[in-house]
Amino acid sequence: MRRWILIGLTPLGLVAQAACSEPALPSNTPYAATPATVETPMSPSPSTTDDSQTASKINTKRDRTIAGGKHVCDIDFVYAGREPENVFWEEPCRAVTAKMIGSADLKALGRWSRLDSFQRKFVDQMPGGRVLYIEGSLSASVYPIDETGNSIEVPVAD
């Protein structure tokens with residue numbers, strides 16, 4: 001399975017997202033059906049605080065249709081003190097679990113042993129001790145921040 005991760009709103013991220021987005025149609029073009037984008041909020045948004053700087057969390061999870069009619073789950077997340085990021089998982093959202101978990105949770109799921117000592121260090125150093133974990137019907141991955149400061153995909157089940 002291939003997954004994509006888009007970081008912030010960099011020009012490269014915008015190009016990658018544009019390549020995966022539905023084409024724009026002129027306003028006078030009739031068409032029969034457009035795939036709906038369904039957004040599922042993952043946590044309530046408090047109106048009194050901006051926890052994007054204090055908590056790692058999943059913002060939304062929504063189905064998307066990309067070029068070629070492929071259905072993906074688009075997961076928007078943020079690590080404490082960082083810019084929001086985006087991952088496309090190549091399955092519909094109903095088949096995808098996405099959550100922030102710590103090393104104890106990875107051990108309980110039997111995923112910790114799939115990480116080498118270098119990757120374990122990255123997971124342990126995550127803001128708040130939690131890393132994005134995504135599991136689909138055939139595989140699972142975590143997305144720690146590496147030594148260059150970028151989120152990377154690390155498969156933990158195939």
# chains A, B, ... in the order shown; residues from 1 in each chain; ligands from 1
$ select_by_dssp --residues "region 38-154 of chain A" --states "strand (DSSP E)" --output "PyMOL selection string"
chain A and resi 38-41+57-65+71-78+85-89+97-101+131-135+140-142+154
$ write_last_selection --atoms "N, CA, C and O atoms" --output "compact mmCIF listing (two decimals), in the first residue's frame"
# COMPACT_ATOMS: atom_id res chain seq x y z
N VAL A 38 -16.96 13.81 2.93
CA VAL A 38 -17.60 13.75 4.23
C VAL A 38 -16.54 13.96 5.29
O VAL A 38 -15.58 13.20 5.37
N GLU A 39 -16.67 15.01 6.07
CA GLU A 39 -15.72 15.28 7.14
C GLU A 39 -16.26 14.74 8.44
O GLU A 39 -17.42 14.94 8.78
N THR A 40 -15.41 14.03 9.17
CA THR A 40 -15.77 13.51 10.46
C THR A 40 -14.86 14.14 11.49
O THR A 40 -13.68 13.81 11.54
N PRO A 41 -15.35 15.06 12.31
CA PRO A 41 -14.50 15.65 13.34
C PRO A 41 -14.06 14.57 14.31
O PRO A 41 -14.85 13.72 14.70
N LYS A 57 -3.13 15.90 18.05
CA LYS A 57 -4.48 15.38 17.85
C LYS A 57 -4.77 15.17 16.37
O LYS A 57 -4.08 15.68 15.50
N ILE A 58 -5.84 14.42 16.13
CA ILE A 58 -6.36 14.24 14.78
C ILE A 58 -7.49 15.25 14.63
O ILE A 58 -8.41 15.28 15.44
N ASN A 59 -7.40 16.08 13.61
CA ASN A 59 -8.43 17.10 13.40
C ASN A 59 -9.64 16.55 12.66
O ASN A 59 -10.76 16.72 13.11
N THR A 60 -9.42 15.91 11.52
CA THR A 60 -10.53 15.35 10.74
C THR A 60 -10.08 14.10 10.02
O THR A 60 -8.89 13.87 9.79
N LYS A 61 -11.06 13.32 9.62
CA LYS A 61 -10.86 12.12 8.81
C LYS A 61 -12.00 12.13 7.82
O LYS A 61 -13.17 12.18 8.22
N ARG A 62 -11.69 12.15 6.51
CA ARG A 62 -12.76 12.23 5.51
C ARG A 62 -12.39 11.44 4.27
O ARG A 62 -11.23 11.31 3.92
N ASP A 63 -13.42 10.91 3.62
CA ASP A 63 -13.23 10.18 2.37
C ASP A 63 -12.99 11.16 1.23
O ASP A 63 -13.62 12.23 1.19
N ARG A 64 -12.12 10.78 0.33
CA ARG A 64 -11.85 11.57 -0.87
C ARG A 64 -11.74 10.63 -2.06
O ARG A 64 -11.38 9.47 -1.91
N THR A 65 -12.02 11.17 -3.22
CA THR A 65 -11.80 10.45 -4.46
C THR A 65 -10.69 11.18 -5.19
O THR A 65 -10.79 12.38 -5.42
N HIS A 71 -10.53 5.67 -4.05
CA HIS A 71 -11.05 6.21 -2.80
C HIS A 71 -9.97 6.12 -1.73
O HIS A 71 -9.36 5.07 -1.54
N VAL A 72 -9.73 7.23 -1.05
CA VAL A 72 -8.74 7.30 0.01
C VAL A 72 -9.35 7.94 1.25
O VAL A 72 -10.35 8.64 1.17
N CYS A 73 -8.71 7.70 2.39
CA CYS A 73 -9.09 8.37 3.62
C CYS A 73 -8.07 9.47 3.84
O CYS A 73 -6.87 9.23 3.92
N ASP A 74 -8.54 10.69 3.91
CA ASP A 74 -7.71 11.88 4.09
C ASP A 74 -7.73 12.23 5.58
O ASP A 74 -8.78 12.56 6.12
N ILE A 75 -6.58 12.12 6.23
CA ILE A 75 -6.49 12.33 7.67
C ILE A 75 -5.67 13.59 7.94
O ILE A 75 -4.50 13.67 7.56
N ASP A 76 -6.29 14.58 8.57
CA ASP A 76 -5.63 15.82 8.96
C ASP A 76 -5.28 15.70 10.44
O ASP A 76 -6.14 15.41 11.26
N PHE A 77 -4.00 15.97 10.77
CA PHE A 77 -3.56 15.86 12.16
C PHE A 77 -2.54 16.95 12.46
O PHE A 77 -2.03 17.61 11.56
N VAL A 78 -2.23 17.12 13.74
CA VAL A 78 -1.24 18.10 14.15
C VAL A 78 -0.51 17.57 15.38
O VAL A 78 -1.13 16.94 16.25
N GLU A 85 -0.65 18.68 9.46
CA GLU A 85 -0.19 17.80 8.38
C GLU A 85 -1.37 16.98 7.87
O GLU A 85 -2.44 16.99 8.44
N ASN A 86 -1.11 16.25 6.80
CA ASN A 86 -2.16 15.53 6.11
C ASN A 86 -1.59 14.22 5.59
O ASN A 86 -0.49 14.19 5.05
N VAL A 87 -2.34 13.12 5.75
CA VAL A 87 -1.96 11.81 5.22
C VAL A 87 -3.13 11.25 4.44
O VAL A 87 -4.27 11.31 4.89
N PHE A 88 -2.86 10.68 3.26
CA PHE A 88 -3.87 9.93 2.51
C PHE A 88 -3.58 8.46 2.73
O PHE A 88 -2.47 7.99 2.48
N TRP A 89 -4.59 7.71 3.17
CA TRP A 89 -4.47 6.26 3.34
C TRP A 89 -5.34 5.63 2.27
O TRP A 89 -6.50 6.00 2.12
N THR A 97 -8.57 3.03 11.00
CA THR A 97 -8.50 3.53 12.37
C THR A 97 -7.33 4.51 12.41
O THR A 97 -6.23 4.18 11.97
N ALA A 98 -7.58 5.71 12.91
CA ALA A 98 -6.52 6.71 13.06
C ALA A 98 -6.62 7.27 14.47
O ALA A 98 -7.70 7.70 14.90
N LYS A 99 -5.48 7.24 15.20
CA LYS A 99 -5.49 7.76 16.57
C LYS A 99 -4.07 8.11 17.00
O LYS A 99 -3.10 7.65 16.39
N MET A 100 -3.97 8.93 18.02
CA MET A 100 -2.70 9.27 18.64
C MET A 100 -2.47 8.29 19.78
O MET A 100 -3.35 8.12 20.64
N ILE A 101 -1.32 7.59 19.75
CA ILE A 101 -1.04 6.61 20.80
C ILE A 101 0.41 6.72 21.26
O ILE A 101 1.25 7.28 20.57
N VAL A 131 2.14 9.43 19.11
CA VAL A 131 2.43 9.44 17.68
C VAL A 131 1.17 9.06 16.91
O VAL A 131 0.31 8.34 17.43
N LEU A 132 1.03 9.55 15.68
CA LEU A 132 -0.09 9.17 14.84
C LEU A 132 0.04 7.71 14.45
O LEU A 132 1.08 7.29 13.94
N TYR A 133 -1.02 6.95 14.69
CA TYR A 133 -1.09 5.54 14.34
C TYR A 133 -2.27 5.37 13.39
O TYR A 133 -3.38 5.81 13.70
N ILE A 134 -2.02 4.76 12.24
CA ILE A 134 -3.09 4.50 11.27
C ILE A 134 -3.07 3.02 10.94
O ILE A 134 -2.02 2.47 10.62
N GLU A 135 -4.26 2.42 11.01
CA GLU A 135 -4.39 1.00 10.70
C GLU A 135 -5.52 0.82 9.70
O GLU A 135 -6.61 1.34 9.89
N ALA A 140 -0.54 -1.29 8.86
CA ALA A 140 -0.58 -0.23 9.86
C ALA A 140 0.75 0.50 9.84
O ALA A 140 1.79 -0.09 9.53
N SER A 141 0.72 1.80 10.19
CA SER A 141 1.93 2.61 10.23
C SER A 141 1.83 3.63 11.34
O SER A 141 0.74 4.00 11.77
N VAL A 142 3.01 4.09 11.79
CA VAL A 142 3.09 5.25 12.68
C VAL A 142 3.85 6.33 11.92
O VAL A 142 4.55 6.05 10.96
N VAL A 154 6.39 4.90 9.12
CA VAL A 154 7.10 3.71 9.55
C VAL A 154 6.08 2.57 9.64
O VAL A 154 5.23 2.58 10.52
$ atom_distance --atom1 "CA of Gln125 (chain A)" --atom2 "CA of Ala108 (chain A)"
18.9 Å
$ residues_around --residues "Arg111 (chain A)" --least-positions-apart "6" --cutoff "9 Å" --atoms "only C-alpha atoms" --output "list in words"
Asp105, Ala140, Val156 and Ala157 of chain A
$ write_last_selection --atoms "N, CA and C atoms" --output "mmCIF file, in the first residue's frame"
data_model
loop_
_atom_site.group_PDB
_atom_site.id
_atom_site.type_symbol
_atom_site.label_atom_id
_atom_site.label_comp_id
_atom_site.auth_asym_id
_atom_site.auth_seq_id
_atom_site.Cartn_x
_atom_site.Cartn_y
_atom_site.Cartn_z
ATOM 1 N N ASP A 105 0.757 1.807 24.262
ATOM 2 C CA ASP A 105 -0.325 1.348 23.374
ATOM 3 C C ASP A 105 0.237 0.515 22.223
ATOM 4 N N ALA A 140 -0.536 -1.291 8.858
ATOM 5 C CA ALA A 140 -0.584 -0.227 9.859
ATOM 6 C C ALA A 140 0.753 0.500 9.843
ATOM 7 N N VAL A 156 4.306 -0.711 10.675
ATOM 8 C CA VAL A 156 4.380 -1.547 11.868
ATOM 9 C C VAL A 156 3.574 -2.837 11.716
ATOM 10 N N ALA A 157 2.919 -3.011 10.574
ATOM 11 C CA ALA A 157 2.195 -4.257 10.284
ATOM 12 C C ALA A 157 1.932 -4.317 8.780
#
$ closest_residue --among "A:Leu106, A:Ala80, A:Leu115, A:Val96" --to "Gly136 (chain A)" --atoms "only C-alpha atoms"
A:Val96
$ atom_distance --atom1 "CA of Tyr79 (chain A)" --atom2 "CA of Ile66 (chain A)"
25.7 Å
$ closest_residue --among "A:Ala67, A:Asp158, A:Ala55, A:Gly129" --to "Arg114 (chain A)" --atoms "only C-alpha atoms"
A:Asp158
